[in-house]
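Enquirer: Take a look at this one; I'll ask things after.
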6 protein chains.
Amino acid sequence: MQTPPTGEVKLAHLDAHTFADWISSGTPTVLVPVGALEQHGPHLPMGTDAILAERIAREVAASTGALVAPPITYGYRSQQKSGGGDHLVGTTSLDAATLIGITRNLVRGLLDQGVRHVVLVNGHYENYQFLYEGVDLAIRDLGLEAEDERCVLLLSYWDYVSEQTLDAVYQGSFPGWDVEHGGVLETALMLHLEPELVRMDRAVDHEPAQLPRFDRLPVVPGRTPATGCLSAPRGADAAKGRLLFEQVTRDLAEDLTAELGRRPASSLAAERVG
Amino acid sequence: MQTPPTGEVKLAHLDAHTFADWISSGTPTVLVPVGALEQHGPHLPMGTDAILAERIAREVAASTGALVAPPITYGYRSQQKSGGGDHLVGTTSLDAATLIGITRNLVRGLLDQGVRHVVLVNGHYENYQFLYEGVDLAIRDLGLEAEDERCVLLLSYWDYVSEQTLDAVYQGSFPGWDVEHGGVLETALMLHLEPELVRMDRAVDHEPAQLPRFDRLPVVPGRTPATGCLSAPRGADAAKGRLLFEQVTRDLAEDLTAELGRRPASSLAAERVG
Amino acid sequence: MQTPPTGEVKLAHLDAHTFADWISSGTPTVLVPVGALEQHGPHLPMGTDAILAERIAREVAASTGALVAPPITYGYRSQQKSGGGDHLVGTTSLDAATLIGITRNLVRGLLDQGVRHVVLVNGHYENYQFLYEGVDLAIRDLGLEAEDERCVLLLSYWDYVSEQTLDAVYQGSFPGWDVEHGGVLETALMLHLEPELVRMDRAVDHEPAQLPRFDRLPVVPGRTPATGCLSAPRGADAAKGRLLFEQVTRDLAEDLTAELGRRPASSLAAERVG
Amino acid sequence: MQTPPTGEVKLAHLDAHTFADWISSGTPTVLVPVGALEQHGPHLPMGTDAILAERIAREVAASTGALVAPPITYGYRSQQKSGGGDHLVGTTSLDAATLIGITRNLVRGLLDQGVRHVVLVNGHYENYQFLYEGVDLAIRDLGLEAEDERCVLLLSYWDYVSEQTLDAVYQGSFPGWDVEHGGVLETALMLHLEPELVRMDRAVDHEPAQLPRFDRLPVVPGRTPATGCLSAPRGADAAKGRLLFEQVTRDLAEDLTAELGRRPASSLAAERVG
Amino acid sequence: MQTPPTGEVKLAHLDAHTFADWISSGTPTVLVPVGALEQHGPHLPMGTDAILAERIAREVAASTGALVAPPITYGYRSQQKSGGGDHLVGTTSLDAATLIGITRNLVRGLLDQGVRHVVLVNGHYENYQFLYEGVDLAIRDLGLEAEDERCVLLLSYWDYVSEQTLDAVYQGSFPGWDVEHGGVLETALMLHLEPELVRMDRAVDHEPAQLPRFDRLPVVPGRTPATGCLSAPRGADAAKGRLLFEQVTRDLAEDLTAELGRRPASSLAAERVG
Amino acid sequence: MQTPPTGEVKLAHLDAHTFADWISSGTPTVLVPVGALEQHGPHLPMGTDAILAERIAREVAASTGALVAPPITYGYRSQQKSGGGDHLVGTTSLDAATLIGITRNLVRGLLDQGVRHVVLVNGHYENYQFLYEGVDLAIRDLGLEAEDERCVLLLSYWDYVSEQTLDAVYQGSFPGWDVEHGGVLETALMLHLEPELVRMDRAVDHEPAQLPRFDRLPVVPGRTPATGCLSAPRGADAAKGRLLFEQVTRDLAEDLTAELGRRPASSLAAERVG
């Protein structure tokens with residue numbers, strides 16, 4: 001499978017006739033980046049999650065012959081323990097029903113047109129379960145069974161950061177993905193991919209937020225650091241961003257190729273034996 | 001009111017602290033472009049509606065000191081009489097409940113943070129009534145009354161094309177906004193704003209589609225021209241696009257300034273007298 | 001196809017056994033009038049939209065052998081630019097989800113019983129898109145495909161007013177369908193069909209409302225004329241009402257007969273050739 | 001409180017200005033009849049439930065100075081044990097969410113305009129609980145508390161049939177309200193109120209249906225008598241209908257007057273003492 | 001059909017492998033008890049409805065080879081005329097949409113796994129119609145037709161109290177099921193089944209509540225007896241509870257065995273003949 | 001605050017008058033256990049998650065003077081990576097909307113009655129985000145602000161397992177919470193708390209499941225071990241269960257006491273200083 005001759009990976013930039021030809025010429029895969037509009041501290045833009053998810057999706061699409069649909073740019077409510085909280089200015093969120101609805105409609109719509117595989121590339125921690133529900137409902141709407149060639153993959157990009165990369169980037173001080181909000185990972189990736197949108201002169205340095213083991217609602221605002229970052233971007237630079245980006249997109253591309261390149265039936269048999 | 005010192009009008013490119021400062025420094029207005037992912041014939045990209053709505057919103061924001069939120073890039077189902085129909089490959093749509101939900105969430109979320117005015121700039125004909133319902137529900141959620149300083153405006157950009165511009169662009173052959181899908185208006189605007197995304201060598205020429213006075217579902221596919229365009233882009237060029245763009249954005253900016261620049265109470269009194 | 005021997009066109013007035021016989025004897029079509037309970041100025045009753053939609057449906061049914069289901073008497077919220085606004089006393093409206101739900105249930109329920117064609121005859125401008133969504137969802141629920149003999153038509157009756165009639169009725173001063181609320185069209189039709197419900201002694205005369213190109217919510221009440229009419233019923237009389245009624249019902253009946261009297265497959269082929 | 005000078009009790013037949021005057025002149029009460037479109041055997045029209053609810057509401061309104069809103073003509077699904085079942089041709093029903101939505105919208109809309117009391121007059125057994133939920137949600141939406149002057153009453157008209165009337169009409173053979181579907185009560189009332197819609201020559205005679213103590217879904221169709229009536233209209237005549245109608249409307253009017261004519265606070269104190 | 005060799009009737013206490021074996025070995029039936037968390041006066045626990053429904057279900061399951069799913073322990077809002085009202089402390093309820101959703105999910109989920117029959121055993125008056133709607137929606141989701149072997153039964157346990165038992169328990173003073181809230185039936189059953197949860201020293205004695213023929217919302221609190229009981233548990237004892245329990249569970253078991261032990265097709269034919 | 005004099009911690013076992021007294025005598029806290037009905041391998045009962053959540057809640061309630069509401073016994077769909085998947089027999093799940101609805105109703109209902117704090121104690125991994133959404137919606141319904149004394153806590157009990165306990169229980173082979181399904185934690189706890197429901201003779205031993213970094217839907221069934229356990233209960237015994245139970249309930253009780261025992265305003269000030 002190849003991207004269209006134009007080399008364009010953005011689905012929204014293709015005309016429909018070219019898209020229709022592409023669909024009928026192989027086992028078409030469409031990646032849907034999912035982000036949020038959320039405060040990310042004083043040094044990162046509010047669109048960070050959508051920007052990173054889309055850039056990763058485009059890189060993976062380019063190397064695997066897939067296309068990238070327009071990103072879902074608004075996400076589920078920011079939660080205090082993973083994003084600082086939905087009460088902070090700059091965070092504009094969707095409720096669960098709406099995010100589920102978007103996902104259900106897009107998955108169903110894409111598969112109905114002939115797309116074989118839809119891959120949701122998530123960049124906002126809080127989205128995951130609602131994306132899952134949207135996919136599950138779409139799968140039921142379409143009546144897909146385990147043996148169907150059509151399927152949906154759902155993933156968060158940071159789950160593809162390898163142990164080795166983690167060590168290289170954090171050098172032993174990895175604070176956990178939950179407080180990686182406005183911290184090293186996102187800052188480094190943005191410095192590599194969109195440096196003009198990062199204002200390192202405004203970056204803060206403080207210890208990772210200490211948050212309770214429970215969620216409390218209404219939130220106690222004082223528990224979120226005044227910066228809005230749950231951990232500091234201490235040590236983030238473009239080189240680390242490049243390392244992260246290249247390793248993640250390479251592994252993700254390999255994973256998709258392996259997973260989607262075989263028939264479910266055979267993969268199933270293989271796994272049963274193994 | 002002015003855009004932030006950086007000159008950036010894209011809300012998603014600002015950091016949250018700069019955004020918070022901006023909000024607290026005047027009567028902040030945020031424009032939300034709304035489009036669709038929809039087939040637009042063989043010469044225009046599928047993202048045309050969102051691209052145009054966003055470009056118009058950015059121009060208006062720049063001249064009025066407003067900001068532009070990330071666009072709603074998926075819209076309500078394409079209908080045969082205004083967009084060719086939802087059965088065509090390349091069209092990926094949302095159902096009513098989801099589009100209403102997005103609108104309700106965004107309007108409520110923005111006004112809750114301190115934004116004074118939200119302006120929905122629509123670029124996809126079929127969206128309008130669902131955006132309206134989303135706004136209405138948000139207004140009720142917030143308990144806004146007629147005298148409130150906070151308000152929402154909702155408009156479709158083509159309603160700002162003046163008679164004079166219409167004559168200049170169509171020279172007497174205006175087919176009606178309903179069949180302006182993939183036709184002169186959209187093609188000219190795209191040639192002015194995003195020429196590299198238009199493939200005029202693939203543009204078709206045919207008479208405007210003749211569609212019945214009723215909607216029929218399931219649609220009779222044969223009623224949509226095979227091109228997917230409801231009227232041809234005959235005569236569209238970048239100069240006409242520039243004329244359209246400049247007139248529409250100028251009039252829209254003036255309208256917003258006049259409407260949002262006075263207090264509702266006084267405007268109301270004035271109108272009652274008049 | 002004929003109406004039952006009793007000559008009754010109101011479905012609610014038939015007994016179920018007679019209805020069942022009628023269904024199994026041809027290609028049964030049921031018309032569903034859709035209106036609203038909405039202020040219509042000081043001279044027209046609040047039920048005007050439902051009354052007109054039902055009278056038109058009954059006339060068309062009588063001449064085509066169809067039946068008329070009980071009207072949907074409550075409609076979507078009145079909007080300022082087409083009905084004066086939902087804040088006016090006398091206007092009692094449904095939200096979008098409810099009107100969509102009614103439509104979806106009725107369409108599915110009628111087609112499930114063996115009705116072949118359902119025709120929604122709309123008399124309230126604001127309803128249209130929500131009726132469309134209800135039909136679309138019902139069509140998906142039933143799994144109808146383009147080639148199915150069962151189908152739904154959706155229309156607003158004023159779209160059947162011919163150019164010629166328009167000229168005869170308005171004599172050059174047609175203000176546009178959007179402000180035809182409590183104006184010449186509705187008043188004339190009511191004078192022809194239900195004269196005892198019209199109080200021409202209370203009719204007002206003023207210029208058509210000048211409304212902005214945007215919708216604003218919450219509405220600025222002062223923009224709606226104090227009468228509640230968006231244009232005046234100046235010159236409306238029963239003769240014009242009769243002209244409108246006869247032309248519209250005749251053309252509508254012809255259109256339905258032509259559209260529903262042939263098999264979709266053949267019509268499709270014909271149109272593809274043409 | 002009086003009905004408007006015109007003597008008209010149908011809200012839909014009044015103009016909005018007259019209605020607004022009426023609202024501001026007392027403690028306005030609006031009755032909303034609720035019915036169904038449901039098979040009622042071979043001798044009664046499918047609209048029986050809505051017809052009876054509306055006729056009763058109009059009579060009560062005329063004697064108490066209230067108005068009658070347009071009836072809700074479609075009801076909740078017919079159930080086998082009270083209406084024969086939703087699988088029978090001639091029965092076109094709403095699902096729960098839709099009927100709840102209609103009720104919620106109407107109650108909220110009427111009370112929001114200044115109506116003091118809304119009275120839902122139910123004529124279709126299966127509706128009751130869904131009307132209740134719609135009222136409950138509207139009450140919560142409006143934030144009404146126990147001491148509020150605004151309130152909603154909900155009732156089924158047969159609950160107002162007195163013991164004495166029951167004896168006179170059934171003479172000892174009352175089969176229970178649950179199987180009073182197409183039986184003596186409805187037939188007698190229709191013979192009194194709308195004799196031209198009843199076809200007694202087609203009326204059947206059979207024993208009341210013997211139905212299990214459980215509901216089974218999908219229904220076993222054979223359990224519903226082939227007539228669709230759950231009990232026979234044996235002995236129904238117009239005189240009995242008149243007796244029923246006059247007693248029920250008189251008692252209902254007295255009940256409403258007593259309940260709505262005092263302030264809740266005082267009634268509450270009185271009841272606490274007593 | 002037999003319960004698993006362990007003798008365990010609680011589905012939640014079995015492991016999934018044992019359950020899977022049980023499902024594949026016959027015509028498996030699962031009973032789902034449905035209750036509420038609702039005030040029941042000063043002498044009965046708030047969980048009474050769920051406790052009784054579950055105990056009855058377990059007894060029936062043990063004698064018919066069925067299993068019992070975990071009870072639905074929260075029910076629809078308590079209504080004044082059958083449970084005292086939702087405003088009373090100790091009553092924690094679900095709205096209609098949620099109870100419908102639970103029922104729909106459980107019915108669909110159980111039938112999808114291979115369960116042949118699901119029996120909802122209701123112990124809270126207000127639940128019934130919402131359970132019905134949930135079942136109806138699940139049946140539609142699954143596309144079950146009248147002839148399908150899979151089916152759902154829905155019942156309230158008090159509908160199985162025989163005339164004879166009624167006479168023995170109430171000795172002529174039966175107040176009606178509607179006001180049997182915290183009264184003789186529930187108290188006697190609890191004294192038989194869970195005596196340690198009953199505090200007869202706190203039981204009150206008063207006449208049955210006199211409630212109007214309408215529902216009023218917001219409720220007039222003074223209409224509910226201060227005890228919260230709609231009738232007194234006068235004369236309730238464990239012996240009567242045992243009588244009720246044994247008769248109801250025996251008749252219910254017989255009914256289920258007869259109904260579910262034959263094929264729908266034949267039962268249908270039999271009934272048509274009879 | 002103390003539990004009622006009876007020593008009963010189960011809210012459903014109290015009568016409403018005792019509950020009302022308890023509410024008005026301090027700062028009442030109610031814990032709501034949340035579980036699932038889900039396959040847990042051949043050795044654990046399907047109700048494991050609800051059983052453990054309830055037992056932990058009861059222990060914590062007893063030591064802090066709180067009460068325990070009836071558990072939510074059905075949970076969100078089992079996912080392959082944390083529970084094996086929703087396709088496995090024995091797993092009966094709720095969709096997102098329903099679980100959100102239950103949570104929203106219970107939180108709102110309890111706080112509305114005067115309960116000051118609601119604590120959701122989760123025992124099923126997949127539930128968390130949907131519980132969060134339900135709480136968030138309830139908080140908005142009630143209009144609670146950050147400074148309100150009423151609040152909700154939400155937690156999963158395994159987040160209270162200390163590092164020290166983890167080492168003692170797993171001795172270096174902790175596989176991660178995600179695959180702790182039917183493994184050491186749940187088995188040990190059940191052996192301590194409900195030994196008669198565990199069948200260790202049926203326990204399996206295998207390596208933890210190797211699952212991809214993405215979710216795939218429809219699931220590839222072969223990826224879930226045939227046992228249904230994602231990790232083996234190797235080494236689980238009652239002593240470890242006791243250790244886990246005692247440490248978790250002790251720390252949880254301490255956390256709740258500290259969090260809920262101070263006024264939010266002061267805690268907030270303290271945290272802002274610190």
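Identifiers for the structure tokens are assigned positionally: chains receive A, B, ... in sequence, residues are indexed from 1 per chain, and ligands are indexed from 1 in the order shown.
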If we count only C-alpha atoms, what is near D:Pro71 at a cut-off of 7 Å, once residues fewer than 5 positions away on the same chain are taken out, given as number ranges by chain?
Expert: D: 32-34, 50, 54
Enquirer: With only C-alpha atoms as the counted atoms, please give the residues lying no more than 7 Å from F:Ser231, apart from itself and same-chain residues fewer than 5 positions off, as a list of chain:residue names.
Expert: F:Val179, F:Glu180, F:His181, F:Gly182, F:Gly183, F:His206, F:Glu207, F:Pro208, F:Ala209
Enquirer: Could you write out the selected residues, including N, CA, C and O atoms, as a PDB file, in the first residue's frame?
Expert:
ATOM      1  N   VAL F 179      -2.352  -6.319  34.349  1.00  0.00           N
ATOM      2  CA  VAL F 179      -2.585  -7.766  34.166  1.00  0.00           C
ATOM      3  C   VAL F 179      -2.898  -8.459  35.487  1.00  0.00           C
ATOM      4  O   VAL F 179      -2.902  -9.690  35.569  1.00  0.00           O
ATOM      5  N   GLU F 180      -3.127  -7.678  36.525  1.00  0.00           N
ATOM      6  CA  GLU F 180      -3.543  -8.272  37.794  1.00  0.00           C
ATOM      7  C   GLU F 180      -5.038  -8.604  37.698  1.00  0.00           C
ATOM      8  O   GLU F 180      -5.888  -7.980  38.339  1.00  0.00           O
ATOM      9  N   HIS F 181      -5.365  -9.537  36.866  1.00  0.00           N
ATOM     10  CA  HIS F 181      -6.763  -9.955  36.698  1.00  0.00           C
ATOM     11  C   HIS F 181      -6.816 -11.463  36.913  1.00  0.00           C
ATOM     12  O   HIS F 181      -6.322 -12.219  36.084  1.00  0.00           O
ATOM     13  N   GLY F 182      -7.394 -11.854  38.029  1.00  0.00           N
ATOM     14  CA  GLY F 182      -7.395 -13.272  38.381  1.00  0.00           C
ATOM     15  C   GLY F 182      -6.045 -13.727  38.898  1.00  0.00           C
ATOM     16  O   GLY F 182      -5.790 -14.935  38.963  1.00  0.00           O
ATOM     17  N   GLY F 183      -5.205 -12.773  39.286  1.00  0.00           N
ATOM     18  CA  GLY F 183      -3.847 -13.113  39.703  1.00  0.00           C
ATOM     19  C   GLY F 183      -3.673 -13.126  41.212  1.00  0.00           C
ATOM     20  O   GLY F 183      -4.608 -13.438  41.959  1.00  0.00           O
ATOM     21  N   HIS F 206       0.501 -19.923  34.746  1.00  0.00           N
ATOM     22  CA  HIS F 206       1.103 -19.585  33.446  1.00  0.00           C
ATOM     23  C   HIS F 206       1.725 -18.212  33.561  1.00  0.00           C
ATOM     24  O   HIS F 206       1.469 -17.465  34.506  1.00  0.00           O
ATOM     25  N   GLU F 207       2.536 -17.877  32.605  1.00  0.00           N
ATOM     26  CA  GLU F 207       3.164 -16.564  32.591  1.00  0.00           C
ATOM     27  C   GLU F 207       2.110 -15.470  32.385  1.00  0.00           C
ATOM     28  O   GLU F 207       1.054 -15.742  31.819  1.00  0.00           O
ATOM     29  N   PRO F 208       2.414 -14.270  32.822  1.00  0.00           N
ATOM     30  CA  PRO F 208       1.500 -13.166  32.536  1.00  0.00           C
ATOM     31  C   PRO F 208       1.277 -13.037  31.034  1.00  0.00           C
ATOM     32  O   PRO F 208       2.178 -13.310  30.228  1.00  0.00           O
ATOM     33  N   ALA F 209       0.039 -12.652  30.673  1.00  0.00           N
ATOM     34  CA  ALA F 209      -0.282 -12.478  29.256  1.00  0.00           C
ATOM     35  C   ALA F 209       0.610 -11.411  28.636  1.00  0.00           C
ATOM     36  O   ALA F 209       0.946 -10.419  29.277  1.00  0.00           O
TER      37      ALA F 209
END
Enquirer: I'd like the neighbourhood of stretch 190-202 of chain A as a PyMOL selection string, where a residue qualifies if any of its atoms comes within 6 Å (using only C-alpha atoms), though same-chain residues fewer than 3 positions away should be ignored.
Expert: chain A and resi 42-44+187+238+241-242
Enquirer: My list of candidates is C:Gln129, C:Gln113, C:Asn105, C:Ser162. Which is closest to C:Thr29 when distances are computed with only C-alpha atoms?
Expert: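 Distance minimum relative to C:Thr29 lands on C:Gln113.
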Enquirer: Up to 12 Å from chain F, what residues of chain D turn up? Count only C-alpha atoms and give them as a list in words.
Expert: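 For chain D, the answer reads Arg140, Asp141 and Gly143 of chain D.
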Enquirer: As a list in words, which residues of stretch 60-218 of chain E does DSSP assign to strand (DSSP E)?
Expert: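 Result set for stretch 60-218 of chain E (strand (DSSP E)): Leu67, Val68, His117, Val118, Val119, Leu120, Val121, Asn122, Cys151, Val152, Leu153, Leu154, Leu155, Ser156, Asp215, Arg216 and Leu217 of chain E.
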Enquirer: Kindly export the residues of the current selection with all heavy atoms, as a compact mmCIF listing (two decimals), in the first residue's frame.
Expert:
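Result file is again-v9.txt:
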# COMPACT_ATOMS: atom_id res chain seq x y z
N LEU E 67 -30.35 -19.81 37.52
CA LEU E 67 -29.38 -19.05 38.31
C LEU E 67 -29.91 -17.64 38.55
O LEU E 67 -30.78 -17.17 37.82
CB LEU E 67 -28.03 -18.98 37.59
CG LEU E 67 -27.25 -20.30 37.50
CD1 LEU E 67 -25.98 -20.08 36.67
CD2 LEU E 67 -26.87 -20.83 38.89
N VAL E 68 -29.33 -16.99 39.57
CA VAL E 68 -29.76 -15.64 39.91
C VAL E 68 -28.60 -14.67 39.73
O VAL E 68 -27.55 -14.84 40.37
CB VAL E 68 -30.26 -15.59 41.38
CG1 VAL E 68 -30.68 -14.16 41.74
CG2 VAL E 68 -31.41 -16.56 41.58
N HIS E 117 -33.22 -17.78 28.48
CA HIS E 117 -34.33 -17.00 29.03
C HIS E 117 -33.82 -16.11 30.15
O HIS E 117 -33.09 -16.57 31.03
CB HIS E 117 -35.41 -17.92 29.61
CG HIS E 117 -35.81 -19.02 28.70
ND1 HIS E 117 -36.36 -18.81 27.46
CD2 HIS E 117 -35.74 -20.39 28.85
CE1 HIS E 117 -36.62 -19.98 26.89
NE2 HIS E 117 -36.24 -20.94 27.70
N VAL E 118 -34.24 -14.87 30.14
CA VAL E 118 -33.96 -13.96 31.25
C VAL E 118 -35.30 -13.62 31.90
O VAL E 118 -36.26 -13.30 31.19
CB VAL E 118 -33.25 -12.68 30.76
CG1 VAL E 118 -33.08 -11.69 31.90
CG2 VAL E 118 -31.90 -13.02 30.14
N VAL E 119 -35.35 -13.71 33.21
CA VAL E 119 -36.58 -13.40 33.93
C VAL E 119 -36.29 -12.28 34.92
O VAL E 119 -35.49 -12.45 35.85
CB VAL E 119 -37.11 -14.64 34.69
CG1 VAL E 119 -38.44 -14.30 35.39
CG2 VAL E 119 -37.30 -15.82 33.74
N LEU E 120 -36.94 -11.14 34.72
CA LEU E 120 -36.77 -10.02 35.64
C LEU E 120 -37.82 -10.13 36.73
O LEU E 120 -39.02 -10.13 36.45
CB LEU E 120 -36.92 -8.69 34.88
CG LEU E 120 -35.83 -8.44 33.84
CD1 LEU E 120 -36.24 -7.32 32.88
CD2 LEU E 120 -34.52 -8.06 34.52
N VAL E 121 -37.37 -10.25 37.97
CA VAL E 121 -38.26 -10.39 39.11
C VAL E 121 -38.27 -9.06 39.86
O VAL E 121 -37.32 -8.72 40.57
CB VAL E 121 -37.78 -11.53 40.04
CG1 VAL E 121 -38.70 -11.66 41.25
CG2 VAL E 121 -37.72 -12.85 39.26
N ASN E 122 -39.34 -8.30 39.68
CA ASN E 122 -39.40 -6.94 40.21
C ASN E 122 -39.99 -6.89 41.61
O ASN E 122 -41.00 -7.53 41.90
CB ASN E 122 -40.27 -6.07 39.28
CG ASN E 122 -40.35 -4.65 39.77
OD1 ASN E 122 -39.35 -4.09 40.24
ND2 ASN E 122 -41.53 -4.06 39.69
N CYS E 151 -36.10 -15.52 24.98
CA CYS E 151 -37.13 -14.56 25.35
C CYS E 151 -36.86 -14.03 26.75
O CYS E 151 -35.99 -14.52 27.47
CB CYS E 151 -38.52 -15.18 25.30
SG CYS E 151 -38.84 -16.33 26.61
N VAL E 152 -37.60 -13.00 27.11
CA VAL E 152 -37.48 -12.38 28.42
C VAL E 152 -38.87 -12.34 29.06
O VAL E 152 -39.85 -12.03 28.38
CB VAL E 152 -36.95 -10.93 28.29
CG1 VAL E 152 -36.79 -10.30 29.67
CG2 VAL E 152 -35.62 -10.92 27.54
N LEU E 153 -38.92 -12.70 30.33
CA LEU E 153 -40.16 -12.53 31.10
C LEU E 153 -39.92 -11.42 32.12
O LEU E 153 -38.81 -11.29 32.66
CB LEU E 153 -40.55 -13.81 31.82
CG LEU E 153 -40.74 -15.07 30.98
CD1 LEU E 153 -41.38 -16.18 31.84
CD2 LEU E 153 -41.60 -14.81 29.75
N LEU E 154 -40.96 -10.68 32.39
CA LEU E 154 -40.91 -9.56 33.34
C LEU E 154 -42.14 -9.63 34.22
O LEU E 154 -43.26 -9.77 33.70
CB LEU E 154 -40.90 -8.25 32.54
CG LEU E 154 -41.15 -6.95 33.29
CD1 LEU E 154 -40.15 -6.72 34.40
CD2 LEU E 154 -41.13 -5.77 32.30
N LEU E 155 -41.93 -9.56 35.52
CA LEU E 155 -43.06 -9.70 36.43
C LEU E 155 -42.76 -9.01 37.76
O LEU E 155 -41.59 -8.80 38.12
CB LEU E 155 -43.36 -11.19 36.69
CG LEU E 155 -42.16 -11.98 37.24
CD1 LEU E 155 -42.23 -12.09 38.78
CD2 LEU E 155 -42.13 -13.34 36.59
N SER E 156 -43.82 -8.65 38.47
CA SER E 156 -43.69 -8.17 39.85
C SER E 156 -44.19 -9.30 40.75
O SER E 156 -45.25 -9.89 40.49
CB SER E 156 -44.53 -6.91 40.06
OG SER E 156 -44.00 -5.84 39.33
N ASP E 215 -51.29 12.47 40.41
CA ASP E 215 -49.97 12.74 40.97
C ASP E 215 -49.75 14.23 40.87
O ASP E 215 -50.11 14.86 39.86
CB ASP E 215 -48.88 12.01 40.16
CG ASP E 215 -48.59 10.63 40.72
OD1 ASP E 215 -48.13 10.56 41.87
OD2 ASP E 215 -48.84 9.64 40.01
N ARG E 216 -49.16 14.80 41.88
CA ARG E 216 -48.80 16.21 41.83
C ARG E 216 -47.30 16.33 42.04
O ARG E 216 -46.73 15.70 42.93
CB ARG E 216 -49.53 16.98 42.93
CG ARG E 216 -49.12 18.45 43.00
CD ARG E 216 -49.91 19.21 44.04
NE ARG E 216 -49.42 20.58 44.14
CZ ARG E 216 -50.17 21.61 44.49
NH1 ARG E 216 -51.46 21.44 44.80
NH2 ARG E 216 -49.66 22.81 44.56
N LEU E 217 -46.69 17.15 41.19
CA LEU E 217 -45.26 17.43 41.32
C LEU E 217 -45.05 18.93 41.25
O LEU E 217 -45.63 19.58 40.37
CB LEU E 217 -44.47 16.73 40.21
CG LEU E 217 -44.27 15.24 40.39
CD1 LEU E 217 -43.69 14.61 39.13
CD2 LEU E 217 -43.36 14.95 41.58
Enquirer: Run DSSP on the backbone and give me the residues of stretch 37-175 of chain A it puts in alpha helix (DSSP H), as a PyMOL selection string.
Expert: chain A and resi 48-64+80-83+96-112+128-142+163-170
Enquirer: Which residue out of A:Leu166, A:Cys229, A:Val204, A:Leu252 has the minimum interatomic distance to A:Asp178 when only C-alpha atoms are used?
Expert: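 The answer is A:Cys229, which sits nearest to A:Asp178.
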